[in-house]
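Source file: coords_7.pdb; contents: PDB, C-alpha atoms and all ligand atoms.
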ATOM      1  CA  MET A1111     148.821  75.750 120.422  1.00  0.00           C
ATOM      2  CA  GLY A1112     146.217  73.218 119.169  1.00  0.00           C
ATOM      3  CA  LYS A1113     145.945  71.381 122.498  1.00  0.00           C
ATOM      4  CA  LEU A1114     146.843  74.275 124.810  1.00  0.00           C
ATOM      5  CA  PHE A1115     144.005  76.604 123.761  1.00  0.00           C
ATOM      6  CA  PRO A1116     141.169  74.249 124.795  1.00  0.00           C
ATOM      7  CA  ARG A1117     142.946  73.358 128.048  1.00  0.00           C
ATOM      8  CA  PHE A1118     143.484  76.960 129.132  1.00  0.00           C
ATOM      9  CA  TYR A1119     140.372  78.586 127.612  1.00  0.00           C
ATOM     10  CA  ASP A1120     138.294  78.634 130.825  1.00  0.00           C
ATOM     11  CA  ILE A1121     141.261  79.742 132.964  1.00  0.00           C
ATOM     12  CA  ALA A1122     142.197  82.547 130.549  1.00  0.00           C
ATOM     13  CA  MET A1123     138.584  83.720 130.349  1.00  0.00           C
ATOM     14  CA  THR A1124     137.943  83.749 134.131  1.00  0.00           C
ATOM     15  CA  PRO A1125     138.858  87.437 134.721  1.00  0.00           C
ATOM     16  CA  LEU A1126     136.492  88.501 131.903  1.00  0.00           C
ATOM     17  CA  GLU A1127     133.740  86.061 132.842  1.00  0.00           C
ATOM     18  CA  ASN A1128     133.789  87.299 136.438  1.00  0.00           C
ATOM     19  CA  THR A1129     133.259  90.896 135.344  1.00  0.00           C
ATOM     20  CA  ARG A1130     130.765  92.050 132.697  1.00  0.00           C
ATOM     21  CA  PHE A1131     130.808  88.939 130.502  1.00  0.00           C
ATOM     22  CA  LYS A1132     128.693  86.917 132.944  1.00  0.00           C
ATOM     23  CA  LYS A1133     125.893  89.522 132.922  1.00  0.00           C
ATOM     24  CA  ILE A1134     126.127  90.003 129.148  1.00  0.00           C
ATOM     25  CA  ARG A1135     125.903  86.255 128.495  1.00  0.00           C
ATOM     26  CA  GLU A1136     123.133  85.801 131.065  1.00  0.00           C
ATOM     27  CA  SER A1137     120.884  88.518 129.626  1.00  0.00           C
ATOM     28  CA  LEU A1138     121.483  87.482 125.996  1.00  0.00           C
ATOM     29  CA  VAL A1139     121.036  83.743 126.509  1.00  0.00           C
ATOM     30  CA  SER A1140     117.889  84.268 128.613  1.00  0.00           C
ATOM     31  CA  ILE A1141     116.176  85.638 125.453  1.00  0.00           C
ATOM     32  CA  ALA A1142     116.455  82.192 123.822  1.00  0.00           C
ATOM     33  CA  SER A1143     113.216  80.263 123.458  1.00  0.00           C
ATOM     34  CA  GLY A1144     111.977  76.957 122.052  1.00  0.00           C
ATOM     35  CA  ARG A1145     114.432  74.681 120.273  1.00  0.00           C
ATOM     36  CA  VAL A1146     117.864  76.336 120.441  1.00  0.00           C
ATOM     37  CA  LEU A1147     121.010  75.796 118.373  1.00  0.00           C
ATOM     38  CA  GLU A1148     124.270  76.987 119.934  1.00  0.00           C
ATOM     39  CA  ILE A1149     127.140  77.460 117.470  1.00  0.00           C
ATOM     40  CA  GLY A1150     130.714  76.679 118.622  1.00  0.00           C
ATOM     41  CA  SER A1151     129.740  76.065 122.241  1.00  0.00           C
ATOM     42  CA  GLY A1152     133.372  75.482 123.281  1.00  0.00           C
ATOM     43  CA  THR A1153     133.585  74.424 126.923  1.00  0.00           C
ATOM     44  CA  GLY A1154     129.871  75.187 127.502  1.00  0.00           C
ATOM     45  CA  VAL A1155     130.280  78.580 129.192  1.00  0.00           C
ATOM     46  CA  ASN A1156     126.716  79.563 128.197  1.00  0.00           C
ATOM     47  CA  PHE A1157     125.057  76.353 129.391  1.00  0.00           C
ATOM     48  CA  PRO A1158     124.254  77.603 132.955  1.00  0.00           C
ATOM     49  CA  TYR A1159     122.336  80.582 131.535  1.00  0.00           C
ATOM     50  CA  TYR A1160     119.625  78.771 129.538  1.00  0.00           C
ATOM     51  CA  LYS A1161     116.245  79.139 131.260  1.00  0.00           C
ATOM     52  CA  SER A1162     113.872  76.222 131.677  1.00  0.00           C
ATOM     53  CA  GLY A1163     111.530  75.632 128.768  1.00  0.00           C
ATOM     54  CA  VAL A1164     114.208  75.476 126.081  1.00  0.00           C
ATOM     55  CA  GLN A1165     116.041  72.477 124.633  1.00  0.00           C
ATOM     56  CA  VAL A1166     119.528  73.006 123.243  1.00  0.00           C
ATOM     57  CA  ASP A1167     121.534  71.379 120.468  1.00  0.00           C
ATOM     58  CA  ALA A1168     125.124  72.630 120.761  1.00  0.00           C
ATOM     59  CA  ILE A1169     127.623  72.134 117.935  1.00  0.00           C
ATOM     60  CA  GLU A1170     131.385  72.304 118.443  1.00  0.00           C
ATOM     61  CA  PRO A1171     134.088  71.045 116.025  1.00  0.00           C
ATOM     62  CA  ASN A1172     136.924  70.715 118.555  1.00  0.00           C
ATOM     63  CA  PRO A1173     136.644  67.522 120.637  1.00  0.00           C
ATOM     64  CA  LEU A1174     139.121  68.936 123.186  1.00  0.00           C
ATOM     65  CA  MET A1175     136.736  71.832 123.878  1.00  0.00           C
ATOM     66  CA  MET A1176     133.666  69.620 123.861  1.00  0.00           C
ATOM     67  CA  ASN A1177     135.202  67.110 126.297  1.00  0.00           C
ATOM     68  CA  GLN A1178     135.059  69.803 128.974  1.00  0.00           C
ATOM     69  CA  THR A1179     131.291  70.361 128.741  1.00  0.00           C
ATOM     70  CA  GLU A1180     130.089  67.297 130.683  1.00  0.00           C
ATOM     71  CA  LYS A1181     129.878  68.983 134.114  1.00  0.00           C
ATOM     72  CA  ARG A1182     128.062  71.998 132.695  1.00  0.00           C
ATOM     73  CA  ILE A1183     125.575  69.795 130.808  1.00  0.00           C
ATOM     74  CA  LYS A1184     124.756  67.918 134.041  1.00  0.00           C
ATOM     75  CA  ALA A1185     124.363  71.156 136.025  1.00  0.00           C
ATOM     76  CA  ALA A1186     122.218  72.915 133.385  1.00  0.00           C
ATOM     77  CA  GLN A1187     118.512  73.604 133.964  1.00  0.00           C
ATOM     78  CA  VAL A1188     117.645  72.399 130.444  1.00  0.00           C
ATOM     79  CA  PRO A1189     118.368  69.401 128.195  1.00  0.00           C
ATOM     80  CA  ILE A1190     121.552  69.978 126.152  1.00  0.00           C
ATOM     81  CA  LYS A1191     122.764  67.666 123.389  1.00  0.00           C
ATOM     82  CA  THR A1192     126.226  68.205 121.914  1.00  0.00           C
ATOM     83  CA  HIS A1193     127.250  67.426 118.318  1.00  0.00           C
ATOM     84  CA  LEU A1194     130.749  67.349 116.842  1.00  0.00           C
ATOM     85  CA  ALA A1195     130.144  69.605 113.806  1.00  0.00           C
ATOM     86  CA  LYS A1196     131.116  72.823 112.048  1.00  0.00           C
ATOM     87  CA  ALA A1197     128.869  75.835 111.503  1.00  0.00           C
ATOM     88  CA  GLU A1198     129.549  75.635 107.766  1.00  0.00           C
ATOM     89  CA  ASN A1199     127.904  72.193 107.554  1.00  0.00           C
ATOM     90  CA  LEU A1200     125.146  71.856 110.134  1.00  0.00           C
ATOM     91  CA  PRO A1201     123.755  68.343 110.663  1.00  0.00           C
ATOM     92  CA  PHE A1202     120.123  69.495 110.977  1.00  0.00           C
ATOM     93  CA  ALA A1203     117.069  69.679 108.729  1.00  0.00           C
ATOM     94  CA  ASP A1204     115.801  72.959 107.257  1.00  0.00           C
ATOM     95  CA  ASP A1205     113.551  75.110 109.527  1.00  0.00           C
ATOM     96  CA  SER A1206     114.464  73.264 112.757  1.00  0.00           C
ATOM     97  CA  PHE A1207     115.290  75.991 115.309  1.00  0.00           C
ATOM     98  CA  ASP A1208     113.464  78.819 117.109  1.00  0.00           C
ATOM     99  CA  THR A1209     116.709  80.461 118.336  1.00  0.00           C
ATOM    100  CA  VAL A1210     120.374  80.346 117.314  1.00  0.00           C
ATOM    101  CA  VAL A1211     123.034  81.487 119.817  1.00  0.00           C
ATOM    102  CA  ALA A1212     126.648  82.322 118.883  1.00  0.00           C
ATOM    103  CA  THR A1213     129.079  83.825 121.403  1.00  0.00           C
ATOM    104  CA  LEU A1214     132.711  84.713 120.677  1.00  0.00           C
ATOM    105  CA  VAL A1215     132.627  82.353 117.728  1.00  0.00           C
ATOM    106  CA  PHE A1216     132.162  84.349 114.505  1.00  0.00           C
ATOM    107  CA  CYS A1217     135.716  85.620 115.046  1.00  0.00           C
ATOM    108  CA  THR A1218     136.965  82.044 114.592  1.00  0.00           C
ATOM    109  CA  ILE A1219     134.719  80.363 112.003  1.00  0.00           C
ATOM    110  CA  PRO A1220     136.887  79.995 108.855  1.00  0.00           C
ATOM    111  CA  ASP A1221     133.999  80.588 106.383  1.00  0.00           C
ATOM    112  CA  PRO A1222     131.501  82.897 108.127  1.00  0.00           C
ATOM    113  CA  VAL A1223     129.504  83.486 104.904  1.00  0.00           C
ATOM    114  CA  LYS A1224     128.786  79.763 104.522  1.00  0.00           C
ATOM    115  CA  ALA A1225     128.049  79.508 108.273  1.00  0.00           C
ATOM    116  CA  LEU A1226     125.397  82.255 108.006  1.00  0.00           C
ATOM    117  CA  GLN A1227     123.807  80.488 105.013  1.00  0.00           C
ATOM    118  CA  GLU A1228     123.621  77.311 107.083  1.00  0.00           C
ATOM    119  CA  ILE A1229     122.189  79.140 110.116  1.00  0.00           C
ATOM    120  CA  LYS A1230     119.478  80.628 107.874  1.00  0.00           C
ATOM    121  CA  ARG A1231     118.709  77.208 106.419  1.00  0.00           C
ATOM    122  CA  VAL A1232     118.214  75.458 109.782  1.00  0.00           C
ATOM    123  CA  SER A1233     116.309  78.385 111.387  1.00  0.00           C
ATOM    124  CA  LYS A1234     112.527  78.593 111.333  1.00  0.00           C
ATOM    125  CA  PRO A1235     111.134  81.756 109.688  1.00  0.00           C
ATOM    126  CA  GLY A1236     111.167  84.484 112.368  1.00  0.00           C
ATOM    127  CA  ALA A1237     113.766  82.657 114.498  1.00  0.00           C
ATOM    128  CA  LYS A1238     115.892  84.738 116.873  1.00  0.00           C
ATOM    129  CA  PHE A1239     119.631  84.888 116.193  1.00  0.00           C
ATOM    130  CA  LEU A1240     121.605  86.113 119.236  1.00  0.00           C
ATOM    131  CA  LEU A1241     125.295  86.957 119.047  1.00  0.00           C
ATOM    132  CA  PHE A1242     127.960  88.231 121.446  1.00  0.00           C
ATOM    133  CA  GLU A1243     131.144  88.952 119.500  1.00  0.00           C
ATOM    134  CA  HIS A1244     134.295  91.018 119.472  1.00  0.00           C
ATOM    135  CA  VAL A1245     134.522  92.937 116.210  1.00  0.00           C
ATOM    136  CA  ARG A1246     136.708  95.196 114.090  1.00  0.00           C
ATOM    137  CA  LEU A1247     136.555  98.724 115.520  1.00  0.00           C
ATOM    138  CA  ASP A1248     135.194 101.599 113.395  1.00  0.00           C
ATOM    139  CA  GLN A1249     138.037 103.968 114.338  1.00  0.00           C
ATOM    140  CA  GLU A1250     140.524 103.938 111.434  1.00  0.00           C
ATOM    141  CA  LEU A1251     143.704 103.545 113.511  1.00  0.00           C
ATOM    142  CA  MET A1252     142.274 100.926 115.869  1.00  0.00           C
ATOM    143  CA  GLY A1253     140.796  98.933 112.989  1.00  0.00           C
ATOM    144  CA  LYS A1254     144.105  98.965 111.118  1.00  0.00           C
ATOM    145  CA  THR A1255     145.923  97.881 114.299  1.00  0.00           C
ATOM    146  CA  GLN A1256     143.524  94.945 114.580  1.00  0.00           C
ATOM    147  CA  ASP A1257     144.233  94.081 110.898  1.00  0.00           C
ATOM    148  CA  LEU A1258     147.979  94.109 111.609  1.00  0.00           C
ATOM    149  CA  LEU A1259     147.725  91.980 114.753  1.00  0.00           C
ATOM    150  CA  THR A1260     145.332  89.391 113.325  1.00  0.00           C
ATOM    151  CA  PRO A1261     147.856  87.055 111.566  1.00  0.00           C
ATOM    152  CA  ALA A1262     149.848  86.547 114.794  1.00  0.00           C
ATOM    153  CA  TRP A1263     146.709  86.500 116.992  1.00  0.00           C
ATOM    154  CA  LYS A1264     145.176  83.740 114.834  1.00  0.00           C
ATOM    155  CA  LYS A1265     148.166  81.533 115.557  1.00  0.00           C
ATOM    156  CA  ILE A1266     148.014  82.082 119.317  1.00  0.00           C
ATOM    157  CA  CYS A1267     144.230  81.960 119.716  1.00  0.00           C
ATOM    158  CA  ASP A1268     143.137  79.000 117.642  1.00  0.00           C
ATOM    159  CA  GLY A1269     142.174  80.855 114.437  1.00  0.00           C
ATOM    160  CA  CYS A1270     140.536  83.895 116.086  1.00  0.00           C
ATOM    161  CA  HIS A1271     140.380  87.022 113.833  1.00  0.00           C
ATOM    162  CA  LEU A1272     140.606  90.278 115.807  1.00  0.00           C
ATOM    163  CA  ASN A1273     139.197  92.146 112.801  1.00  0.00           C
ATOM    164  CA  ARG A1274     135.962  90.339 111.880  1.00  0.00           C
ATOM    165  CA  ASP A1275     133.253  92.764 110.764  1.00  0.00           C
ATOM    166  CA  THR A1276     130.350  90.616 111.939  1.00  0.00           C
ATOM    167  CA  VAL A1277     127.692  93.328 111.501  1.00  0.00           C
ATOM    168  CA  SER A1278     128.563  93.659 107.778  1.00  0.00           C
ATOM    169  CA  LEU A1279     128.597  89.875 107.404  1.00  0.00           C
ATOM    170  CA  LEU A1280     125.058  89.723 108.831  1.00  0.00           C
ATOM    171  CA  ARG A1281     123.847  92.559 106.585  1.00  0.00           C
ATOM    172  CA  ASN A1282     125.392  90.965 103.498  1.00  0.00           C
ATOM    173  CA  ALA A1283     123.718  87.679 104.400  1.00  0.00           C
ATOM    174  CA  GLY A1284     120.328  89.438 104.456  1.00  0.00           C
ATOM    175  CA  ILE A1285     119.817  88.837 108.169  1.00  0.00           C
ATOM    176  CA  PRO A1286     117.932  91.795 109.714  1.00  0.00           C
ATOM    177  CA  ILE A1287     119.508  93.186 112.889  1.00  0.00           C
ATOM    178  CA  THR A1288     116.944  94.301 115.472  1.00  0.00           C
ATOM    179  CA  LYS A1289     119.200  95.470 118.330  1.00  0.00           C
ATOM    180  CA  VAL A1290     122.894  96.130 118.991  1.00  0.00           C
ATOM    181  CA  ASN A1291     124.468  96.825 122.391  1.00  0.00           C
ATOM    182  CA  SER A1292     128.065  98.009 122.548  1.00  0.00           C
ATOM    183  CA  TYR A1293     130.593  97.180 125.312  1.00  0.00           C
ATOM    184  CA  TYR A1294     134.231  98.103 125.952  1.00  0.00           C
ATOM    185  CA  GLY A1295     134.178 101.035 123.503  1.00  0.00           C
ATOM    186  CA  GLY A1296     132.583  99.025 120.707  1.00  0.00           C
ATOM    187  CA  LEU A1297     135.095  96.170 120.836  1.00  0.00           C
ATOM    188  CA  PHE A1298     132.358  93.769 121.966  1.00  0.00           C
ATOM    189  CA  LEU A1299     128.781  93.796 120.693  1.00  0.00           C
ATOM    190  CA  THR A1300     125.634  91.889 121.455  1.00  0.00           C
ATOM    191  CA  ILE A1301     123.599  91.641 118.269  1.00  0.00           C
ATOM    192  CA  GLU A1302     119.982  90.493 118.142  1.00  0.00           C
ATOM    193  CA  CYS A1303     118.569  89.453 114.773  1.00  0.00           C
ATOM    194  CA  GLY A1304     115.300  88.086 113.389  1.00  0.00           C
ATOM    195  CA  ILE A1305     115.806  85.547 110.622  1.00  0.00           C
ATOM    196  CA  GLU A1306     113.700  86.256 107.541  1.00  0.00           C
ATOM    197  CA  LYS A1307     113.228  83.645 104.839  1.00  0.00           C
ATOM    198  CA  GLU A1308     111.908  84.037 101.303  1.00  0.00           C
TER     199      GLU A1308
HETATM  200  C1  LIG B1401     136.677  81.636 121.491  1.00  0.00           C
HETATM  201  S1  LIG B1401     135.900  80.081 121.499  1.00  0.00           S
HETATM  202  C2  LIG B1401     134.261  80.516 122.134  1.00  0.00           C
HETATM  203  C3  LIG B1401     133.598  79.374 122.844  1.00  0.00           C
HETATM  204  C4  LIG B1401     132.215  79.713 123.416  1.00  0.00           C
HETATM  205  N1  LIG B1401     131.257  79.976 122.372  1.00  0.00           N
HETATM  206  C5  LIG B1401     132.266  80.885 124.378  1.00  0.00           C
HETATM  207  O1  LIG B1401     131.475  81.810 124.262  1.00  0.00           O
HETATM  208  O2  LIG B1401     133.094  80.851 125.297  1.00  0.00           O
HETATM  209  C6  LIG B1401     135.570  79.816 119.772  1.00  0.00           C
HETATM  210  C7  LIG B1401     134.939  78.459 119.491  1.00  0.00           C
HETATM  211  O3  LIG B1401     134.578  78.368 118.111  1.00  0.00           O
HETATM  212  C8  LIG B1401     134.818  77.040 117.711  1.00  0.00           C
HETATM  213  N2  LIG B1401     134.889  76.949 116.240  1.00  0.00           N
HETATM  214  C9  LIG B1401     135.985  77.062 115.462  1.00  0.00           C
HETATM  215  N3  LIG B1401     135.653  76.853 114.172  1.00  0.00           N
HETATM  216  C10 LIG B1401     134.326  76.625 114.142  1.00  0.00           C
HETATM  217  C11 LIG B1401     133.413  76.308 113.102  1.00  0.00           C
HETATM  218  N4  LIG B1401     133.806  76.210 111.840  1.00  0.00           N
HETATM  219  N5  LIG B1401     132.122  76.092 113.436  1.00  0.00           N
HETATM  220  C12 LIG B1401     131.720  76.184 114.722  1.00  0.00           C
HETATM  221  N6  LIG B1401     132.538  76.482 115.746  1.00  0.00           N
HETATM  222  C13 LIG B1401     133.834  76.693 115.462  1.00  0.00           C
HETATM  223  C14 LIG B1401     136.114  76.698 118.406  1.00  0.00           C
HETATM  224  O4  LIG B1401     136.382  75.313 118.429  1.00  0.00           O
HETATM  225  C15 LIG B1401     135.869  77.298 119.785  1.00  0.00           C
HETATM  226  O5  LIG B1401     135.238  76.398 120.655  1.00  0.00           O
END
Before anything else, please render the file you have as structure tokens.
Ligand SMILES: C[S@@+](CC[C@H](N)C(=O)[O-])C[C@H]1O[C@@H](n2cnc3c(N)ncnc32)[C@H](O)[C@@H]1O
Amino acid sequence: MGKLFPRFYDIAMTPLENTRFKKIRESLVSIASGRVLEIGSGTGVNFPYYKSGVQVDAIEPNPLMMNQTEKRIKAAQVPIKTHLAKAENLPFADDSFDTVVATLVFCTIPDPVKALQEIKRVSKPGAKFLLFEHVRLDQELMGKTQDLLTPAWKKICDGCHLNRDTVSLLRNAGIPITKVNSYYGGLFLTIECGIEKE
């Protein structure tokens, strides 16, 4: 699956991207301002939605995903620089970014606690943190079904956990959540946060 997932990611996502995902991404990403860090940018699906005035550093650990971003970087309205890196070890100085964007990525990051520590470290105090994620459902039966399916799903979908509780991860990391919008019965959330630093 290692090589197939990156090759077929855009094709598999097309039905979703052509429906509500496009609008969700567009309205979330348009909130970004200043110097922006995008986490796990994949094939660059968000790149067309950045509005002029921002500059983007996008990190992605999978070269096969990153290789597909060239066209989208050229077509973007803003400067975008890509870096081969993991969220758990960000190659940036403390207090560097005004906004951090993460879409459909916290499901896949192997150590989300470390990734959130790193995001806090590289964010300026008061930075915006914008997420669009699928999450573990609150309903007991649905949540347990997601738990059961996750081991097989991870193998098919490049490490993706169907049952990540991203809201709890953010709370436990001390990252204040300012707004949550729910889609598809709570399966997908947009989460807006303001990074606070001691
Ligand atoms: C489902 S794809 C989402 C891609 C893109 N963000 C989007 O919205 O379409 C998940 C991405 O997370 C990346 N990823 C996996 N582990 C990661 C890590 N430790 N740090 C950052 N990104 C990671 C994968 O390589 C993949 O590109």
The PyMOL selection byres (((chain A and resi 1157-1172) around 8) and not hetatm) resolved against shown file, as an MDAnalysis selection string: chainID A and resid 1135:1136 1139:1140 1142:1152 1154:1156 1173:1176 1182:1183 1185:1197
Contacts of Val1215 in chain A within 12 Å, all atoms listed in the file, excl. fewer than 2 positions in-chain, as a ChimeraX atom specification: /A:1148-1152,1169-1171,1196-1197,1211-1213,1217-1222,1225,1240-1245,1267-1272,1274,1276
Quick one: apply the PyMOL selection byres (((chain A and resi 1228-1239) around 9) and not hetatm) to the file and drop the selected residues here as a PyMOL selection string. chain A and resi 1141-1143+1147+1197-1200+1202-1212+1223-1227+1240-1241+1283+1285+1287+1301-1308
Extending 3 Å beyond the listed atoms of ligand LIG 1401 (chain B) on each side, what axis-aligned box results? I want centre and edge lengths in Å to one decimal, as JSON.
{"center_x": 134.0, "center_y": 78.6, "center_z": 118.6, "size_x": 11.4, "size_y": 12.5, "size_z": 19.5}
CA of Ile1121 in chain A and CA of Ile1266 in chain A, how far apart in Å? 15.4 Å
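If only C-alpha atoms and all ligand atoms are the atoms counted, then among A:Asn1282, A:Asn1291, A:Gln1256, A:Thr1179 the closest residue to ligand LIG 1401 (chain B) is A:Thr1179.
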Can you measure atom C8 of ligand LIG 1401 (chain B) to CA of Met1123 in chain A for me? One decimal in Å is fine.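 Computed distance, atom C8 of ligand LIG 1401 (chain B) to CA of Met1123 in chain A, equals 14.8 Å.
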Expressed in Å, the length from CA of Pro1286 in chain A to CA of Leu1138 in chain A is 17.2 Å
Selection result for the PyMOL selection byres (((chain A and resi 1297) around 8) and not hetatm) on this file, as an mmCIF file with C-alpha atoms, in the frame of the given file:
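As a result, part32.cif now contains:
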data_model
loop_
_atom_site.group_PDB
_atom_site.id
_atom_site.type_symbol
_atom_site.label_atom_id
_atom_site.label_comp_id
_atom_site.auth_asym_id
_atom_site.auth_seq_id
_atom_site.Cartn_x
_atom_site.Cartn_y
_atom_site.Cartn_z
ATOM 1 C CA HIS A 1244 134.295 91.018 119.472
ATOM 2 C CA VAL A 1245 134.522 92.937 116.210
ATOM 3 C CA ARG A 1246 136.708 95.196 114.090
ATOM 4 C CA LEU A 1247 136.555 98.724 115.520
ATOM 5 C CA SER A 1292 128.065 98.009 122.548
ATOM 6 C CA TYR A 1293 130.593 97.180 125.312
ATOM 7 C CA TYR A 1294 134.231 98.103 125.952
ATOM 8 C CA GLY A 1295 134.178 101.035 123.503
ATOM 9 C CA GLY A 1296 132.583 99.025 120.707
ATOM 10 C CA PHE A 1298 132.358 93.769 121.966
ATOM 11 C CA LEU A 1299 128.781 93.796 120.693
#
